[in-house]
Amino acid sequence: MKKQKGQRGLTGSGDNSGTLFDMEEPAPEIDIRFDRRLAVFGSQYGASIEAIAEPAITRRLKIRPFSQRHLVGVVGEDQDGNEILFLPRKTTSSVPFDKVYVCPSAVDVEAFVNRASDAPLTLLAPLPLNPKKDADEISKLCNEIGSSWSDGVAFAKEQTDGDQVIKPGFRSPQIGALHALQAHWTVSEKIATVVMPTGTGKTETMIAAGLQERAKCILVIVPSDALRTQIASAFEQLGILPKAGLIDKGAQYPVVSLLRKRPTSVEEARGLFGISNVIVTTMSIAAGVSPEIQAAMAECTSHLFIDEAHHVAARTWREFREAFGNVKIVQFTATPFRNDGMRVDGKFIFVYPLGLAQAEGYFRKIDYQPVDGLDRDDIDEQIIEKVGEALEADEANGYRHLAMARGNKRIRAEELHEKYRRRWPQYNPVLLHSGLSASEQADAIAKLRAGEHRIVVCVDMLGEGFDLPELKIAGLHDPKKSEAVTLQFVGRFTRTRDDLGEATVIAAVTRDEGSPLASLFAEDADWNKLINQIGSKATERAVRREEVFEGFGGIDAEIPLETLRPTLGTIVYKTTQSPWDPIGGIVRFDHRQLIVDGPHINHHDALAIFITERADLPKWSRFKGIADVTYDLFMVHWDQEAGLLYVSASHDDRLDDLAKALCGDDAERIRGEDIFRALDPLRRPVLNTLGLSETRRRKIRYSQYQGSDIADELRSRSGNRTRSKTNLMVVGFTDDGRVSLGCSRKGKIWAQERTNDFGRWMDWCHDLGRSLLNETISTAGIIDRLIQPELVSEVPQKSPVAVDWYEGMSVLDEDSWVFTINGEQHSIYDCELELSSHDAQDRIEFSIVAGTARADFTMTINDEGVRYALKEGQSASAEKSAVNRAGNPGGCLVGVKQR
């Protein structure tokens, strides 16, 4: 009898009682359930290593007696003639069978046939290979497994009737992504990015791509430990591919290594990769090893898959992938945009729209239930009540769903858990946070999966990639604040399955128009439309951004383009329709040869970028041996259709010369009154900076005003007949939320925002250009629309609903703010603002909290302005680090919103 390769058996000579055909009476038949059998099992090189030899299966067996010298037992034979020996106890004797199990009932046929269906079976042979002892055999097994994938996958499409799957197969986005990968790898070695919304099957797509490629060794990088375990398990079972009949029956399961510790030597790395078909780990582990070890990992890797690619820090990823230059690399993500504004790079070879996923039923509908309360406690109580009601309603409709309640930090989650436990004890609410031990977390998740807990209260656990389709109800006590995280979070609740219903999201309404998610948390929001709009818009921006970077042709810039973060700003020139000349024009402009990097030219988008260096004598010395060295960034974009040239530069010298060199001597700067047309698209504009110049000779030639109540200076002063506006800074709203825009009569337009998305800058310029060329826009009408804030001398008798940092503390400056609370220093990133009371009173109470440190303040308003008082016995101060002390908002660090 043939022995299975790569495993140990108990085969040997002995007296068998004959085949079934020798028996005089028909052999009894029974169904026996076998647990999965492993071909490899153990740990080595800081990794857990497993391979499935045979999945869990129920077999129909004919049973006959067995005896060999002093051994007795029974033999089962399936319809294909495969035989399995069952013994009542362990033995070290050789038997002529490859598969041997121990079952106490196997003393004779009758006892075995009448055994309890759940009676345990213990595998005696063949035992799985041990990575510590059998490395050579496992390495051979890996090669055999790879060879078994020679037929690739069958591109059969899933067939459905409504929500019912009639015939299993690949979903449309999976087939599209697989074909896109094959097409890409046929003509390119560039990094590929695949965008597939949550629930459309990214993991199965990874698995199928590896099998279709007959991958020698796949390295999978994931962002978290929970996702590492989940992805490793999916690869180990080859996902749904075997059950769906998408791979040949002879295709074997891979040897999967779940890497938990960093290899400490090149030998360890090569040893692990030599006994693995798939290695799954996190970026912190993979990128944390030495360059020599990374190089060894790359030598052994044929394919590198990055899951949830938007999590990978740009610098970390860039440094790591340099070692994998000859490896096929694919980035998978549902949201190809990062919270920090940096790129998710790579060529976007396949983008499956969220709207299409909704239309095809891969993304369940969402029932948004808004709540509106007087204060946080009132809102919490309403959300808690609705969560329980949703569980009851779903169960009445035949759906045994689970609910998740989210708080923004651990102490908040603990408070919410106690409230849920008191209100809904029948659902056994469980608390889950990172402060619990690994075993406590695992136990809570296991009981949640088993339905012992129906409500889970957590902070940021069970995040991206976590697969628990029964989670269908979300109570957002503290919603996420970014597009990417919100879309990923909501995606956890929209997964489809035949026995599951629609998703329910319960959250408080918001009236903060400046929030990027304001429309999502509005009282009448249609989440099924808005999720699509927000996700599609953000994805389109990411794709556009990467296309612009790709348009530079893979240049090797001295200063990487992705590190540039210019301010949104431009000077606009009218040009003729003749083609611009970026190469010759920049050469003519640079007659002093000041350019030190570039020009880098994207001809498709008519975009050029270069950096200059100038050395000037310092103002405080005439000594020629020293100099102030300054680097300036220039970006120029020509909009042929509109006939406009946009120039952005960190130094304004000779920009007119640059425009003429690029587009001819008739290039004309847009300036004067027309420049203020750029403000027209802003809704609810508020003027906060105003510069006025005298048109007649007087002692005061120029005046500047700042604040939120200065619009009257422009509209009603009698002396304004002899003054003209020179520059304005206005804050207002567009479809993208709250924005600021400044204009100077000399032609400069700017915003208080930085970006390294050149596509975003060009689109921003195009929007300005449409307004600047629109001669129907009256600048006088813009001034008339300015909102005049009302000065108050006391706290309005309205309930405060939110507290936030002073708006002058931009994202770019946040890293330089440091708070000292009761003697301990904390970065602003570690601090949170909390309202201490939502009551309408003559003061507003709030706190700055950093971990256990807390500073409690009272804010009052009188005729002299705003005053902040610190609670007696506490100490607190705020200052900017030496990195950046510009733009100090004069001690006012917070703003309070009321209704």
# chains A, B, ... in the order shown; residues from 1 in each chain; ligands from 1

$ residues_around --residues "Ala244 of chain A" --least-positions-apart "5" --cutoff "12 Å" --atoms "only C-alpha atoms" --output "list in words"
Val153, Ala154, Phe155, Ala156, Lys157, Glu158, Gln159, Val165, Ile166, Lys167, Pro168, Gly169, Phe170, Arg171, Glu204, Leu238, Gly239 and Lys249 of chain A

$ write_last_selection --atoms "all heavy atoms" --output "short mmCIF file (atom, residue, chain, number, x, y, z; two decimals), in the first residue's frame"
data_model
loop_
_atom_site.label_atom_id
_atom_site.label_comp_id
_atom_site.auth_asym_id
_atom_site.auth_seq_id
_atom_site.Cartn_x
_atom_site.Cartn_y
_atom_site.Cartn_z
N VAL A 153 -5.97 28.20 -11.54
CA VAL A 153 -7.34 28.27 -11.03
C VAL A 153 -8.31 28.32 -12.19
O VAL A 153 -7.96 28.72 -13.30
CB VAL A 153 -7.55 29.51 -10.11
CG1 VAL A 153 -6.64 29.44 -8.90
CG2 VAL A 153 -7.33 30.80 -10.88
N ALA A 154 -9.54 27.90 -11.92
CA ALA A 154 -10.61 27.98 -12.92
C ALA A 154 -11.35 29.31 -12.74
O ALA A 154 -11.83 29.61 -11.64
CB ALA A 154 -11.57 26.81 -12.74
N PHE A 155 -11.44 30.09 -13.80
CA PHE A 155 -12.06 31.41 -13.70
C PHE A 155 -13.58 31.28 -13.86
O PHE A 155 -14.19 31.86 -14.76
CB PHE A 155 -11.48 32.35 -14.74
CG PHE A 155 -10.10 32.81 -14.42
CD1 PHE A 155 -8.99 32.07 -14.81
CD2 PHE A 155 -9.88 33.98 -13.72
CE1 PHE A 155 -7.71 32.49 -14.51
CE2 PHE A 155 -8.60 34.41 -13.40
CZ PHE A 155 -7.51 33.65 -13.80
N ALA A 156 -14.19 30.50 -12.98
CA ALA A 156 -15.63 30.29 -13.01
C ALA A 156 -16.31 31.35 -12.14
O ALA A 156 -15.89 31.59 -11.00
CB ALA A 156 -15.97 28.89 -12.49
N LYS A 157 -17.35 31.95 -12.67
CA LYS A 157 -18.03 33.04 -11.96
C LYS A 157 -19.14 32.50 -11.07
O LYS A 157 -19.86 31.57 -11.43
CB LYS A 157 -18.60 34.04 -12.97
CG LYS A 157 -19.18 35.29 -12.32
CD LYS A 157 -19.65 36.30 -13.36
CE LYS A 157 -20.22 37.55 -12.70
NZ LYS A 157 -20.71 38.52 -13.72
N GLU A 158 -19.26 33.10 -9.90
CA GLU A 158 -20.32 32.75 -8.96
C GLU A 158 -21.68 33.04 -9.59
O GLU A 158 -21.88 34.08 -10.22
CB GLU A 158 -20.14 33.57 -7.68
CG GLU A 158 -21.20 33.36 -6.63
CD GLU A 158 -20.99 34.28 -5.43
OE1 GLU A 158 -21.32 35.48 -5.55
OE2 GLU A 158 -20.50 33.80 -4.41
N GLN A 159 -22.62 32.12 -9.40
CA GLN A 159 -23.98 32.32 -9.91
C GLN A 159 -24.93 32.45 -8.73
O GLN A 159 -24.89 31.65 -7.79
CB GLN A 159 -24.40 31.14 -10.79
CG GLN A 159 -23.55 30.99 -12.05
CD GLN A 159 -23.98 29.81 -12.90
OE1 GLN A 159 -25.06 29.24 -12.71
NE2 GLN A 159 -23.13 29.43 -13.86
N VAL A 165 -26.67 31.87 -3.29
CA VAL A 165 -25.61 31.41 -4.18
C VAL A 165 -26.02 30.06 -4.74
O VAL A 165 -26.14 29.07 -4.01
CB VAL A 165 -24.26 31.30 -3.45
CG1 VAL A 165 -23.20 30.75 -4.40
CG2 VAL A 165 -23.84 32.66 -2.92
N ILE A 166 -26.26 30.02 -6.06
CA ILE A 166 -26.67 28.78 -6.70
C ILE A 166 -25.46 27.92 -7.04
O ILE A 166 -25.46 26.71 -6.84
CB ILE A 166 -27.48 29.09 -7.99
CG1 ILE A 166 -28.73 29.88 -7.64
CG2 ILE A 166 -27.84 27.80 -8.72
CD1 ILE A 166 -29.49 30.36 -8.84
N LYS A 167 -24.43 28.56 -7.55
CA LYS A 167 -23.20 27.86 -7.90
C LYS A 167 -22.01 28.67 -7.41
O LYS A 167 -21.85 29.82 -7.80
CB LYS A 167 -23.10 27.66 -9.41
CG LYS A 167 -21.87 26.88 -9.84
CD LYS A 167 -21.82 26.71 -11.35
CE LYS A 167 -20.56 25.94 -11.78
NZ LYS A 167 -20.48 25.79 -13.26
N PRO A 168 -21.17 28.12 -6.54
CA PRO A 168 -20.04 28.90 -6.01
C PRO A 168 -19.02 29.18 -7.11
O PRO A 168 -18.89 28.42 -8.07
CB PRO A 168 -19.46 28.00 -4.92
CG PRO A 168 -19.90 26.62 -5.28
CD PRO A 168 -21.22 26.76 -5.96
N GLY A 169 -18.30 30.25 -6.94
CA GLY A 169 -17.27 30.63 -7.89
C GLY A 169 -16.67 31.96 -7.49
O GLY A 169 -16.90 32.47 -6.38
N PHE A 170 -15.89 32.54 -8.37
CA PHE A 170 -15.31 33.86 -8.11
C PHE A 170 -16.36 34.94 -8.33
O PHE A 170 -17.20 34.84 -9.21
CB PHE A 170 -14.12 34.12 -9.04
CG PHE A 170 -12.88 33.36 -8.70
CD1 PHE A 170 -12.35 32.44 -9.60
CD2 PHE A 170 -12.24 33.55 -7.48
CE1 PHE A 170 -11.20 31.74 -9.29
CE2 PHE A 170 -11.09 32.84 -7.16
CZ PHE A 170 -10.57 31.93 -8.07
N ARG A 171 -16.26 35.99 -7.53
CA ARG A 171 -17.11 37.15 -7.73
C ARG A 171 -16.53 38.02 -8.84
O ARG A 171 -15.34 37.93 -9.16
CB ARG A 171 -17.21 37.95 -6.42
CG ARG A 171 -17.94 37.19 -5.32
CD ARG A 171 -17.93 37.95 -4.01
NE ARG A 171 -18.85 37.36 -3.04
CZ ARG A 171 -19.04 37.84 -1.81
NH1 ARG A 171 -18.35 38.90 -1.39
NH2 ARG A 171 -19.91 37.26 -1.00
N GLU A 204 -9.32 36.01 -0.91
CA GLU A 204 -9.40 34.95 -1.92
C GLU A 204 -8.68 35.35 -3.20
O GLU A 204 -8.11 34.52 -3.90
CB GLU A 204 -10.86 34.62 -2.23
CG GLU A 204 -11.40 33.43 -1.47
CD GLU A 204 -11.63 33.75 0.00
OE1 GLU A 204 -11.80 34.94 0.31
OE2 GLU A 204 -11.63 32.82 0.84
N LEU A 238 -6.66 27.54 1.76
CA LEU A 238 -6.87 27.99 0.38
C LEU A 238 -8.24 28.63 0.21
O LEU A 238 -8.86 28.54 -0.86
CB LEU A 238 -6.67 26.85 -0.62
CG LEU A 238 -5.24 26.32 -0.73
CD1 LEU A 238 -5.18 25.19 -1.75
CD2 LEU A 238 -4.27 27.43 -1.13
N GLY A 239 -8.70 29.30 1.28
CA GLY A 239 -9.95 30.03 1.23
C GLY A 239 -11.11 29.15 0.80
O GLY A 239 -11.26 28.00 1.23
N LYS A 249 -8.43 19.01 -8.02
CA LYS A 249 -8.50 18.20 -6.80
C LYS A 249 -7.11 17.77 -6.32
O LYS A 249 -6.92 17.48 -5.14
CB LYS A 249 -9.37 16.97 -7.04
CG LYS A 249 -10.85 17.29 -7.19
CD LYS A 249 -11.67 16.03 -7.33
CE LYS A 249 -13.16 16.35 -7.42
NZ LYS A 249 -13.99 15.14 -7.56
#

$ residues_around --residues "segment 301-304 of chain A" --least-positions-apart "2" --cutoff "8 Å" --atoms "only C-alpha atoms" --output "PyMOL selection string"
chain A and resi 210+215-221+273+297-299+306+327-330

$ residues_around --residues "segment 278-292 of chain A" --least-positions-apart "6" --cutoff "8 Å" --atoms "only C-alpha atoms" --output "ChimeraX atom specification"
/A:217-225,228,231-232,235,254-264,266,312,316-317,320,323

$ write_last_selection --atoms "C-alpha atoms" --output "mmCIF file, in the first residue's frame"
data_model
loop_
_atom_site.group_PDB
_atom_site.id
_atom_site.type_symbol
_atom_site.label_atom_id
_atom_site.label_comp_id
_atom_site.auth_asym_id
_atom_site.auth_seq_id
_atom_site.Cartn_x
_atom_site.Cartn_y
_atom_site.Cartn_z
ATOM 1 C CA CYS A 217 7.139 31.573 -1.959
ATOM 2 C CA ILE A 218 4.616 34.290 -1.057
ATOM 3 C CA LEU A 219 5.328 36.890 1.644
ATOM 4 C CA VAL A 220 2.147 38.540 2.932
ATOM 5 C CA ILE A 221 2.389 41.744 4.993
ATOM 6 C CA VAL A 222 -0.581 42.784 7.163
ATOM 7 C CA PRO A 223 -1.065 45.701 9.616
ATOM 8 C CA SER A 224 -2.138 43.823 12.778
ATOM 9 C CA ASP A 225 -1.748 40.585 14.696
ATOM 10 C CA ARG A 228 -2.082 38.131 10.512
ATOM 11 C CA ILE A 231 -4.952 35.738 6.690
ATOM 12 C CA ALA A 232 -2.647 32.847 7.624
ATOM 13 C CA PHE A 235 -4.102 30.716 3.059
ATOM 14 C CA PRO A 254 0.491 25.202 1.254
ATOM 15 C CA VAL A 255 2.925 25.205 4.132
ATOM 16 C CA VAL A 256 2.013 28.472 5.900
ATOM 17 C CA SER A 257 4.302 30.163 8.426
ATOM 18 C CA LEU A 258 2.863 32.757 10.788
ATOM 19 C CA LEU A 259 5.936 34.852 11.648
ATOM 20 C CA ARG A 260 5.701 36.447 15.109
ATOM 21 C CA LYS A 261 9.347 37.326 15.785
ATOM 22 C CA ARG A 262 12.056 38.942 13.710
ATOM 23 C CA PRO A 263 14.648 36.566 12.271
ATOM 24 C CA THR A 264 17.954 37.249 13.992
ATOM 25 C CA VAL A 266 20.430 35.482 7.460
ATOM 26 C CA VAL A 312 2.061 51.219 5.494
ATOM 27 C CA THR A 316 8.962 52.369 6.134
ATOM 28 C CA TRP A 317 7.497 50.887 2.982
ATOM 29 C CA PHE A 320 11.586 47.892 2.854
ATOM 30 C CA ALA A 323 15.283 45.018 -1.058
#

$ residues_around --residues "segment 74-80 of chain A" --least-positions-apart "4" --cutoff "7 Å" --atoms "only C-alpha atoms" --output "list in words"
Arg59, Arg60, Leu61, Lys62, Ile63, Arg64, Pro65, Phe66, Ile84, Leu85, Phe86, Leu87, Ala106, Asp108 and Val109 of chain A

$ residues_around --residues "segment 774-778 of chain A" --least-positions-apart "5" --cutoff "12 Å" --atoms "only C-alpha atoms" --output "list in words"
Ala642, Glu673, Asp674, Ile675, Phe676, Arg677, Ala678, Leu679, Asp680, Pro681, Asp767, Leu768, Gly769, Ile783, Asp784 and Arg785 of chain A

$ closest_residue --among "A:Ser148, A:Asn862, A:Gln752, A:Thr335" --to "Leu791 of chain A" --atoms "only C-alpha atoms"
A:Asn862

$ atom_distance --atom1 "atom CA of Ile595 of chain A" --atom2 "atom CA of Cys663 of chain A"
19.5 Å

$ residues_around --residues "Pro796 of chain A" --least-positions-apart "2" --cutoff "9 Å" --atoms "only C-alpha atoms" --output "number ranges by chain"
A: 792-794, 798-799, 840-843, 898

$ residues_around --residues "Arg214 of chain A" --least-positions-apart "2" --cutoff "8 Å" --atoms "only C-alpha atoms" --output "list in words"
Gly146, Ser147, Trp149, Ser150, Gly152, Gly210, Leu211, Gln212 and Lys216 of chain A

$ write_last_selection --atoms "N, CA and C atoms" --output "PDB file, in the first residue's frame"
ATOM      1  N   GLY A 146       4.047  23.199  -4.672  1.00  0.00           N
ATOM      2  CA  GLY A 146       4.079  24.164  -5.766  1.00  0.00           C
ATOM      3  C   GLY A 146       3.798  23.518  -7.111  1.00  0.00           C
ATOM      4  N   SER A 147       4.338  22.336  -7.320  1.00  0.00           N
ATOM      5  CA  SER A 147       4.109  21.610  -8.580  1.00  0.00           C
ATOM      6  C   SER A 147       2.646  21.218  -8.733  1.00  0.00           C
ATOM      7  N   TRP A 149       0.165  22.926  -8.150  1.00  0.00           N
ATOM      8  CA  TRP A 149      -0.633  24.083  -8.572  1.00  0.00           C
ATOM      9  C   TRP A 149      -0.478  24.360 -10.071  1.00  0.00           C
ATOM     10  N   SER A 150       0.041  23.417 -10.810  1.00  0.00           N
ATOM     11  CA  SER A 150       0.387  23.663 -12.207  1.00  0.00           C
ATOM     12  C   SER A 150      -0.814  24.019 -13.071  1.00  0.00           C
ATOM     13  N   GLY A 152      -3.236  25.938 -12.149  1.00  0.00           N
ATOM     14  CA  GLY A 152      -3.755  27.253 -11.790  1.00  0.00           C
ATOM     15  C   GLY A 152      -5.163  27.180 -11.230  1.00  0.00           C
ATOM     16  N   GLY A 210      -1.732  33.796  -6.175  1.00  0.00           N
ATOM     17  CA  GLY A 210      -0.552  32.990  -5.893  1.00  0.00           C
ATOM     18  C   GLY A 210      -0.591  31.647  -6.579  1.00  0.00           C
ATOM     19  N   LEU A 211      -1.772  30.995  -6.572  1.00  0.00           N
ATOM     20  CA  LEU A 211      -1.887  29.696  -7.225  1.00  0.00           C
ATOM     21  C   LEU A 211      -1.786  29.817  -8.731  1.00  0.00           C
ATOM     22  N   GLN A 212      -2.431  30.861  -9.288  1.00  0.00           N
ATOM     23  CA  GLN A 212      -2.377  31.048 -10.733  1.00  0.00           C
ATOM     24  C   GLN A 212      -0.946  31.283 -11.202  1.00  0.00           C
ATOM     25  N   LYS A 216       6.414  30.395  -5.958  1.00  0.00           N
ATOM     26  CA  LYS A 216       7.364  29.581  -5.200  1.00  0.00           C
ATOM     27  C   LYS A 216       7.270  29.886  -3.715  1.00  0.00           C
TER      28      LYS A 216
END

$ atom_distance --atom1 "atom CA of Ala542 of chain A" --atom2 "atom CA of Arg754 of chain A"
16.2 Å

$ closest_residue --among "A:Leu272, A:Val490, A:Ala390, A:Ile138" --to "Arg454 of chain A" --atoms "only C-alpha atoms"
A:Ala390

$ closest_residue --among "A:Leu476, A:Leu786, A:Ala869, A:Leu71" --to "Val107 of chain A" --atoms "only C-alpha atoms"
A:Leu71

$ atom_distance --atom1 "atom CA of Asp35 of chain A" --atom2 "atom CA of Tyr399 of chain A"
29.1 Å

$ closest_residue --among "A:Ala802, A:Ala627, A:Ile583, A:Ile411" --to "Leu374 of chain A" --atoms "only C-alpha atoms"
A:Ala802

$ closest_residue --among "A:Lys447, A:Pro685, A:Lys409, A:Asn397" --to "Asp478 of chain A" --atoms "only C-alpha atoms"
A:Lys409

$ closest_residue --among "A:Ala192, A:Leu687, A:Ile383, A:Ala442" --to "Thr333 of chain A" --atoms "only C-alpha atoms"
A:Ala192
